[in-house]
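Chemist: One file is attached below, start.cif, containing mmCIF, C-alpha atoms.
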data_data
loop_
_atom_site.label_atom_id
_atom_site.label_comp_id
_atom_site.auth_asym_id
_atom_site.auth_seq_id
_atom_site.Cartn_x
_atom_site.Cartn_y
_atom_site.Cartn_z
CA MET A 121 171.09 117.76 280.09
CA LYS A 122 173.69 115.94 282.19
CA ARG A 123 171.74 112.68 282.40
CA GLN A 124 171.49 112.39 278.62
CA ALA A 125 175.18 113.24 278.25
CA ASN A 126 176.10 110.53 280.77
CA ALA A 127 173.86 108.03 278.99
CA ALA A 128 175.54 108.85 275.69
CA ARG A 129 179.02 108.35 277.22
CA VAL A 130 178.08 104.94 278.63
CA ALA A 131 176.46 103.85 275.37
CA ASP A 132 179.48 104.99 273.35
CA ARG A 133 181.86 103.01 275.55
CA ALA A 134 179.63 99.92 275.74
CA ILE A 135 178.97 99.68 272.00
CA GLU A 136 182.67 100.10 271.25
CA LYS A 137 183.69 97.51 273.85
CA ALA A 138 181.00 95.00 272.84
CA GLY A 139 182.13 94.96 269.22
CA GLU A 140 180.44 92.03 267.48
CA ALA A 141 179.78 90.15 270.72
CA GLY A 142 176.28 89.11 271.73
CA ARG A 143 174.79 89.88 275.12
CA PHE A 144 176.70 92.53 277.05
CA VAL A 145 176.19 93.24 280.77
CA ILE A 146 176.91 96.68 282.20
CA ALA A 147 177.18 97.17 285.97
CA LEU A 148 175.82 100.57 286.98
CA ALA A 149 176.80 101.10 290.60
CA GLY A 150 176.82 104.01 293.03
CA PRO A 151 175.57 105.12 296.44
CA PRO A 152 171.85 105.42 297.21
CA GLY A 153 170.40 108.68 295.98
CA VAL A 154 172.99 109.23 293.26
CA GLY A 155 170.55 108.71 290.36
CA LYS A 156 171.19 105.15 289.16
CA SER A 157 167.57 104.39 288.30
CA ALA A 158 167.13 107.59 286.32
CA LEU A 159 170.35 107.02 284.37
CA SER A 160 169.40 103.38 283.73
CA GLU A 161 166.14 104.48 282.11
CA ALA A 162 167.95 107.15 280.09
CA LEU A 163 170.49 104.55 279.00
CA VAL A 164 167.80 102.15 277.78
CA ALA A 165 166.32 105.00 275.74
CA GLU A 166 169.77 105.88 274.36
CA PHE A 167 170.48 102.29 273.29
CA ASN A 168 167.03 102.02 271.72
CA ARG A 169 167.62 105.29 269.83
CA ARG A 170 170.75 103.74 268.36
CA GLY A 171 168.95 100.55 267.35
CA HIS A 172 170.10 98.31 270.23
CA ALA A 173 167.54 96.65 272.52
CA ALA A 174 168.39 97.08 276.20
CA ALA A 175 166.83 96.16 279.54
CA ILE A 176 167.39 96.93 283.22
CA VAL A 177 168.12 94.14 285.70
CA PRO A 178 167.85 95.85 289.11
CA MET A 179 169.60 94.57 292.21
CA ASP A 180 166.69 95.96 294.25
CA GLY A 181 164.49 93.12 293.01
CA PHE A 182 166.46 90.92 295.40
CA HIS A 183 165.61 92.72 298.62
CA PHE A 184 164.74 90.20 301.32
CA ASP A 185 161.07 90.54 302.22
CA ASN A 186 160.19 92.62 305.28
CA ALA A 187 158.98 89.50 307.10
CA VAL A 188 162.40 87.88 306.63
CA LEU A 189 164.23 91.00 307.78
CA GLU A 190 161.95 91.42 310.78
CA ALA A 191 162.58 87.83 311.84
CA ARG A 192 166.32 88.48 311.59
CA GLY A 193 166.11 91.78 313.46
CA THR A 194 167.52 93.71 310.50
CA LEU A 195 164.41 95.49 309.18
CA PRO A 196 165.68 98.95 310.28
CA ARG A 197 168.73 98.38 308.07
CA LYS A 198 166.76 97.45 304.94
CA GLY A 199 168.90 98.48 301.99
CA ALA A 200 172.22 97.58 303.64
CA PRO A 201 174.38 94.99 301.81
CA PHE A 202 173.31 92.08 304.03
CA THR A 203 169.60 92.66 303.35
CA PHE A 204 169.81 91.38 299.76
CA ASP A 205 169.76 87.88 298.30
CA ILE A 206 173.21 88.22 296.74
CA ASP A 207 173.42 84.63 295.50
CA GLY A 208 169.98 84.89 293.92
CA TYR A 209 170.97 87.99 291.98
CA ALA A 210 174.23 86.40 290.85
CA ALA A 211 172.35 83.29 289.70
CA LEU A 212 169.99 85.45 287.62
CA LEU A 213 172.90 87.30 286.00
CA LYS A 214 174.56 83.99 285.13
CA ARG A 215 171.35 82.78 283.48
CA LEU A 216 171.03 86.01 281.54
CA ARG A 217 174.59 85.66 280.27
CA THR A 218 174.25 82.03 279.17
CA GLU A 219 170.58 81.45 278.32
CA THR A 220 170.36 84.10 275.66
CA ASP A 221 167.86 82.24 273.48
CA ARG A 222 164.93 82.37 275.91
CA GLU A 223 162.80 84.79 277.91
CA ILE A 224 163.82 85.16 281.54
CA ALA A 225 161.69 86.80 284.25
CA VAL A 226 163.30 89.48 286.39
CA PRO A 227 162.01 90.53 289.85
CA VAL A 228 161.42 94.25 290.37
CA PHE A 229 161.19 96.18 293.64
CA ASP A 230 157.94 98.13 294.02
CA ARG A 231 158.66 101.15 296.23
CA SER A 232 154.98 101.96 296.70
CA LEU A 233 154.36 98.47 298.12
CA ASP A 234 157.84 98.17 299.72
CA LEU A 235 158.31 94.67 298.32
CA SER A 236 159.71 92.79 295.34
CA ARG A 237 157.39 91.57 292.59
CA ALA A 238 158.47 88.29 290.99
CA GLY A 239 158.33 88.45 287.21
CA GLY A 240 157.95 92.23 287.29
CA SER A 241 159.96 92.45 284.05
CA VAL A 242 161.11 90.11 281.30
CA VAL A 243 164.41 89.98 279.43
CA THR A 244 163.92 88.60 275.92
CA ARG A 245 166.38 87.19 273.42
CA ASP A 246 166.33 90.56 271.64
CA HIS A 247 167.83 92.43 274.61
CA ARG A 248 171.52 92.70 273.78
CA PHE A 249 172.60 95.24 276.41
CA LEU A 250 171.64 94.58 280.02
CA ILE A 251 172.04 97.21 282.73
CA ALA A 252 172.66 95.59 286.12
CA GLU A 253 171.84 98.47 288.47
CA GLY A 254 172.50 98.61 292.21
CA ASN A 255 174.42 100.14 295.09
CA TYR A 256 176.83 97.33 295.87
CA LEU A 257 177.77 95.79 292.53
CA LEU A 258 181.40 96.92 292.87
CA LEU A 259 181.68 96.54 296.64
CA ASP A 260 185.08 95.16 297.62
CA ASP A 261 183.66 92.62 300.03
CA PRO A 262 183.92 88.78 300.20
CA ASP A 263 180.21 88.37 299.51
CA TRP A 264 179.91 90.90 296.68
CA SER A 265 183.33 90.79 295.01
CA PRO A 266 182.64 87.61 292.96
CA MET A 267 179.87 89.52 291.19
CA VAL A 268 182.41 91.52 289.18
CA GLU A 269 183.14 88.47 287.01
CA LEU A 270 179.59 88.71 285.64
CA PHE A 271 180.03 92.17 284.15
CA ASP A 272 181.50 93.12 280.78
CA MET A 273 181.79 96.79 281.74
CA THR A 274 181.49 98.70 285.01
CA VAL A 275 180.26 102.23 285.68
CA MET A 276 180.32 104.15 288.97
CA LEU A 277 178.07 107.16 289.55
CA THR A 278 179.23 109.80 292.01
CA ALA A 279 178.01 112.99 293.63
CA GLY A 280 179.35 115.19 296.40
CA PRO A 281 178.69 114.09 300.01
CA ASP A 282 176.59 117.15 300.85
CA GLU A 283 174.43 116.72 297.77
CA LEU A 284 173.98 113.00 298.44
CA ARG A 285 173.02 113.71 302.05
CA GLN A 286 170.36 116.19 300.98
CA ARG A 287 168.96 113.86 298.32
CA LEU A 288 168.63 111.06 300.87
CA ILE A 289 166.87 113.34 303.35
CA ASP A 290 164.58 114.59 300.58
CA ARG A 291 163.54 111.00 299.83
CA TRP A 292 162.04 110.67 303.29
CA LEU A 293 160.46 114.11 303.12
CA GLU A 294 158.73 112.98 299.92
CA HIS A 295 157.41 109.96 301.87
CA GLY A 296 155.67 112.34 304.27
CA LEU A 297 158.12 112.39 307.17
CA ASP A 298 158.74 115.66 308.98
CA PRO A 299 162.27 117.15 308.67
CA GLU A 300 163.47 115.76 312.01
CA ARG A 301 162.34 112.21 311.28
CA ALA A 302 163.60 112.40 307.70
CA LEU A 303 167.06 113.36 308.93
CA ALA A 304 167.00 110.58 311.52
CA ARG A 305 166.04 107.94 308.93
CA ALA A 306 168.76 109.08 306.55
CA LEU A 307 171.43 109.15 309.25
CA SER A 308 170.49 105.73 310.64
CA ASN A 309 170.77 103.78 307.39
CA ASP A 310 170.90 105.55 304.02
CA ILE A 311 173.89 107.78 304.68
CA PRO A 312 176.04 104.97 306.21
CA ASN A 313 175.19 102.82 303.17
CA ALA A 314 176.21 105.65 300.85
CA GLU A 315 179.49 106.13 302.71
CA LEU A 316 180.19 102.40 302.44
CA VAL A 317 179.71 102.42 298.66
CA VAL A 318 181.89 105.49 298.23
CA GLY A 319 184.66 104.22 300.50
CA LYS A 320 184.73 100.48 299.73
CA SER A 321 183.93 100.03 296.04
CA ARG A 322 186.35 98.83 293.38
CA ASN A 323 187.46 101.16 290.61
CA ALA A 324 185.11 101.16 287.62
CA ASP A 325 185.85 101.25 283.91
CA LEU A 326 184.01 104.56 283.76
CA GLU A 327 183.22 107.04 286.52
CA LEU A 328 180.51 109.67 286.01
CA SER A 329 179.29 112.51 288.21
CA THR A 330 175.60 113.28 288.66
CA ALA A 331 176.25 116.39 290.72
CA ALA A 332 174.00 119.33 289.92
#
Once more with this new file: its structure as structure tokens, please.

Modeler:
Amino acid sequence: MKRQANAARVADRAIEKAGEAGRFVIALAGPPGVGKSALSEALVAEFNRRGHAAAIVPMDGFHFDNAVLEARGTLPRKGAPFTFDIDGYAALLKRLRTETDREIAVPVFDRSLDLSRAGGSVVTRDHRFLIAEGNYLLLDDPDWSPMVELFDMTVMLTAGPDELRQRLIDRWLEHGLDPERALARALSNDIPNAELVVGKSRNADLELSTAA
């Protein structure tokens, strides 16, 4: 299966590059709908299979709350680059890189509740490989570009524009929207965000396709 093959490629490269070093942070970036979360989970399983403890540190845990976005008038654009606490995520990554001898809580975004849960996950001292997963981790932008210094290895996931478009529409169909409203939601926010990631991201150490 392609997902397992991709996970094996990332693990091969990461283990080789890490050598005898301690904690190793992998940036797993790509447009919305490309399959980052699924690959992250497969990658954790692949590292565990090889005897290396790994954990996911999702960017989505740093969504601004709906109340904050509503007050700013940006709730319809939730998921765009400016709707995340970028500095908060960077601060967490810095802690994870330097405070390797202690447990550190990681916020996780709950899609069913549409909000972030503080302490939704915990990174322990045993977790050697960390997968920082999110749309904009390689965005060539003044706010996001400094993030690249926090990664030991970068991976970009890709898929064709037509396939991405359909996946993003399908997301809203799965949430119960009718086809017309699902298309409108995707066109108003998700698809522009995907195009931004594809067009404005830095080159990664490894690029992988998730196309069917």

Chemist: Between A:Ser157, A:Gly142, A:Ala162, A:Leu212, which residue has the minimum interatomic distance to Asn126 in chain A, considering all atoms listed in the file?

Modeler: A:Ala162

Chemist: Using the chain letters and residue numbers of this document, give as JSON, numbers by chain the residues selected by the PyMOL selection byres ((chain A and resi 305) around 12).

Modeler: {"A": [196, 197, 198, 285, 288, 289, 290, 291, 292, 293, 295, 297, 298, 299, 300, 301, 302, 303, 304, 306, 307, 308, 309, 310, 311, 312, 313]}

Chemist: Those residues you just picked out, can you put them in a file as a compact mmCIF listing (two decimals), keeping the file's coordinate frame with C-alpha atoms?

Modeler:
# COMPACT_ATOMS: atom_id res chain seq x y z
CA PRO A 196 165.68 98.95 310.28
CA ARG A 197 168.73 98.38 308.07
CA LYS A 198 166.76 97.45 304.94
CA ARG A 285 173.02 113.71 302.05
CA LEU A 288 168.63 111.06 300.87
CA ILE A 289 166.87 113.34 303.35
CA ASP A 290 164.58 114.59 300.58
CA ARG A 291 163.54 111.00 299.83
CA TRP A 292 162.04 110.67 303.29
CA LEU A 293 160.46 114.11 303.12
CA HIS A 295 157.41 109.96 301.87
CA LEU A 297 158.12 112.39 307.17
CA ASP A 298 158.74 115.66 308.98
CA PRO A 299 162.27 117.15 308.67
CA GLU A 300 163.47 115.76 312.01
CA ARG A 301 162.34 112.21 311.28
CA ALA A 302 163.60 112.40 307.70
CA LEU A 303 167.06 113.36 308.93
CA ALA A 304 167.00 110.58 311.52
CA ALA A 306 168.76 109.08 306.55
CA LEU A 307 171.43 109.15 309.25
CA SER A 308 170.49 105.73 310.64
CA ASN A 309 170.77 103.78 307.39
CA ASP A 310 170.90 105.55 304.02
CA ILE A 311 173.89 107.78 304.68
CA PRO A 312 176.04 104.97 306.21
CA ASN A 313 175.19 102.82 303.17

Chemist: Applying 8 Å and all atoms listed in the file, which residues near Ala128 in chain A remain after dropping the ones on its own chain fewer than 4 positions away? List them as a list in words.

Modeler: Gln124, Asp132, Leu163 and Glu166 of chain A

Chemist: Would you mind listing what lies within 6 Å of range 170-179 of chain A as JSON, numbers by chain, with all atoms listed in the file counted and same-chain residues fewer than 2 positions away left out?

Modeler: {"A": [164, 167, 168, 181, 182, 247, 248, 249, 250, 251, 252, 253, 254]}

Chemist: Hey, can you spit out that residue selection with C-alpha atoms as a CSV table (one decimal), in the frame of the given file?

Modeler:
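Result written to result_31.csv:
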chain,number,residue,atom,x,y,z
A,164,VAL,CA,167.8,102.2,277.8
A,167,PHE,CA,170.5,102.3,273.3
A,168,ASN,CA,167.0,102.0,271.7
A,181,GLY,CA,164.5,93.1,293.0
A,182,PHE,CA,166.5,90.9,295.4
A,247,HIS,CA,167.8,92.4,274.6
A,248,ARG,CA,171.5,92.7,273.8
A,249,PHE,CA,172.6,95.2,276.4
A,250,LEU,CA,171.6,94.6,280.0
A,251,ILE,CA,172.0,97.2,282.7
A,252,ALA,CA,172.7,95.6,286.1
A,253,GLU,CA,171.8,98.5,288.5
A,254,GLY,CA,172.5,98.6,292.2

Chemist: In terms of the shortest atom-to-atom distance over only C-alpha atoms, which of A:Val188, A:Met267, A:Ala225, A:Leu284 is closest to Ile146 in chain A?

Modeler: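 Using only C-alpha atoms, Ile146 in chain A sits closest to A:Met267.
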
Chemist: With distances taken over all atoms listed in the file, which of A:Leu235, A:Ala200, A:Leu189, A:Val228 is nearest to Leu259 in chain A?

Modeler: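 Of A:Leu235, A:Ala200, A:Leu189, A:Val228, the one nearest Leu259 in chain A is A:Ala200, counting all atoms listed in the file.
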
Chemist: Smallest atom-to-atom distance to Ala141 in chain A: which of A:Asn323, A:Arg217, A:Leu159, A:Glu315, using only C-alpha atoms?

Modeler: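 Nearest candidate to Ala141 in chain A out of A:Asn323, A:Arg217, A:Leu159, A:Glu315: A:Arg217.
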
Chemist: Give me, please, the distance in Å between CA of Val130 in chain A and CA of Ala158 in chain A, quoted to one decimal.

Modeler: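 One can read the CA of Val130 in chain A to CA of Ala158 in chain A distance as 13.6 Å.
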
Chemist: Ranking A:Asp180, A:Glu283, A:Glu140, A:Asp234 by minimum distance to Lys156 in chain A and counting all atoms listed in the file, which one comes first?

Modeler: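 When distances to Lys156 in chain A are compared using all atoms listed in the file, the smallest one comes from A:Asp180.
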
Chemist: As an exercise, work out the distance from CA of Arg169 in chain A to CA of Asp246 in chain A in Å and give it to one decimal place.

Modeler: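 Result for CA of Arg169 in chain A versus CA of Asp246 in chain A: 14.9 Å, one decimal.
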
Chemist: Have a look at A:Pro201, A:Gly150, A:Pro227, A:Gly296 and name the one nearest to Val275 in chain A; count all atoms listed in the file.

Modeler: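 Among A:Pro201, A:Gly150, A:Pro227, A:Gly296, it is A:Gly150 that comes nearest to Val275 in chain A.
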
Chemist: Take the point (178.2, 98.7, 286.0) as written in the file and pick out every residue within 6 Å of it, counting all atoms listed in the file; give the list as a list in words.

Modeler: Ile146, Ala147, Leu148, Ala149, Met273, Thr274 and Val275 of chain A

Chemist: Suppose we keep C-alpha atoms; can you now write the selection as a short mmCIF file (atom, residue, chain, number, x, y, z; two decimals), in the frame of the given file?

Modeler:
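Resulting contents of part_35.cif:
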data_model
loop_
_atom_site.label_atom_id
_atom_site.label_comp_id
_atom_site.auth_asym_id
_atom_site.auth_seq_id
_atom_site.Cartn_x
_atom_site.Cartn_y
_atom_site.Cartn_z
CA ILE A 146 176.91 96.68 282.20
CA ALA A 147 177.18 97.17 285.97
CA LEU A 148 175.82 100.57 286.98
CA ALA A 149 176.80 101.10 290.60
CA MET A 273 181.79 96.79 281.74
CA THR A 274 181.49 98.70 285.01
CA VAL A 275 180.26 102.23 285.68
#

Chemist: What separation in Å, quoted to one decimal, exists between CA of Leu328 in chain A and CA of Ala279 in chain A?

Modeler: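 Separation of CA of Leu328 in chain A and CA of Ala279 in chain A: 8.7 Å.
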
Chemist: Expanded to explicit residues, what is the PyMOL selection byres ((chain A and resi 240) around 7) for this file, as a list in words?

Modeler: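 Output of the PyMOL selection byres ((chain A and resi 240) around 7): Val226, Pro227, Val228, Arg237, Ala238, Gly239 and Ser241 of chain A.
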
Chemist: May I have the residues from that selection written out with C-alpha atoms, as a compact mmCIF listing (two decimals), in the coordinates of the input?

Modeler:
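Generated output (again35.txt):
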# COMPACT_ATOMS: atom_id res chain seq x y z
CA VAL A 226 163.30 89.48 286.39
CA PRO A 227 162.01 90.53 289.85
CA VAL A 228 161.42 94.25 290.37
CA ARG A 237 157.39 91.57 292.59
CA ALA A 238 158.47 88.29 290.99
CA GLY A 239 158.33 88.45 287.21
CA SER A 241 159.96 92.45 284.05

Chemist: Using the chain letters and numbers from the file, give me the residues hit by the PyMOL selection byres ((chain A and resi 261-263) around 12), as a list in words.

Modeler: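 Taken on the displayed file, the PyMOL selection byres ((chain A and resi 261-263) around 12) yields the residues Pro201, Phe202, Phe204, Asp205, Ile206, Asp207, Tyr209, Ala210, Tyr256, Leu257, Leu258, Leu259, Asp260, Trp264, Ser265, Pro266, Met267, Val268, Leu316, Val317, Gly319, Lys320, Ser321 and Arg322 of chain A.
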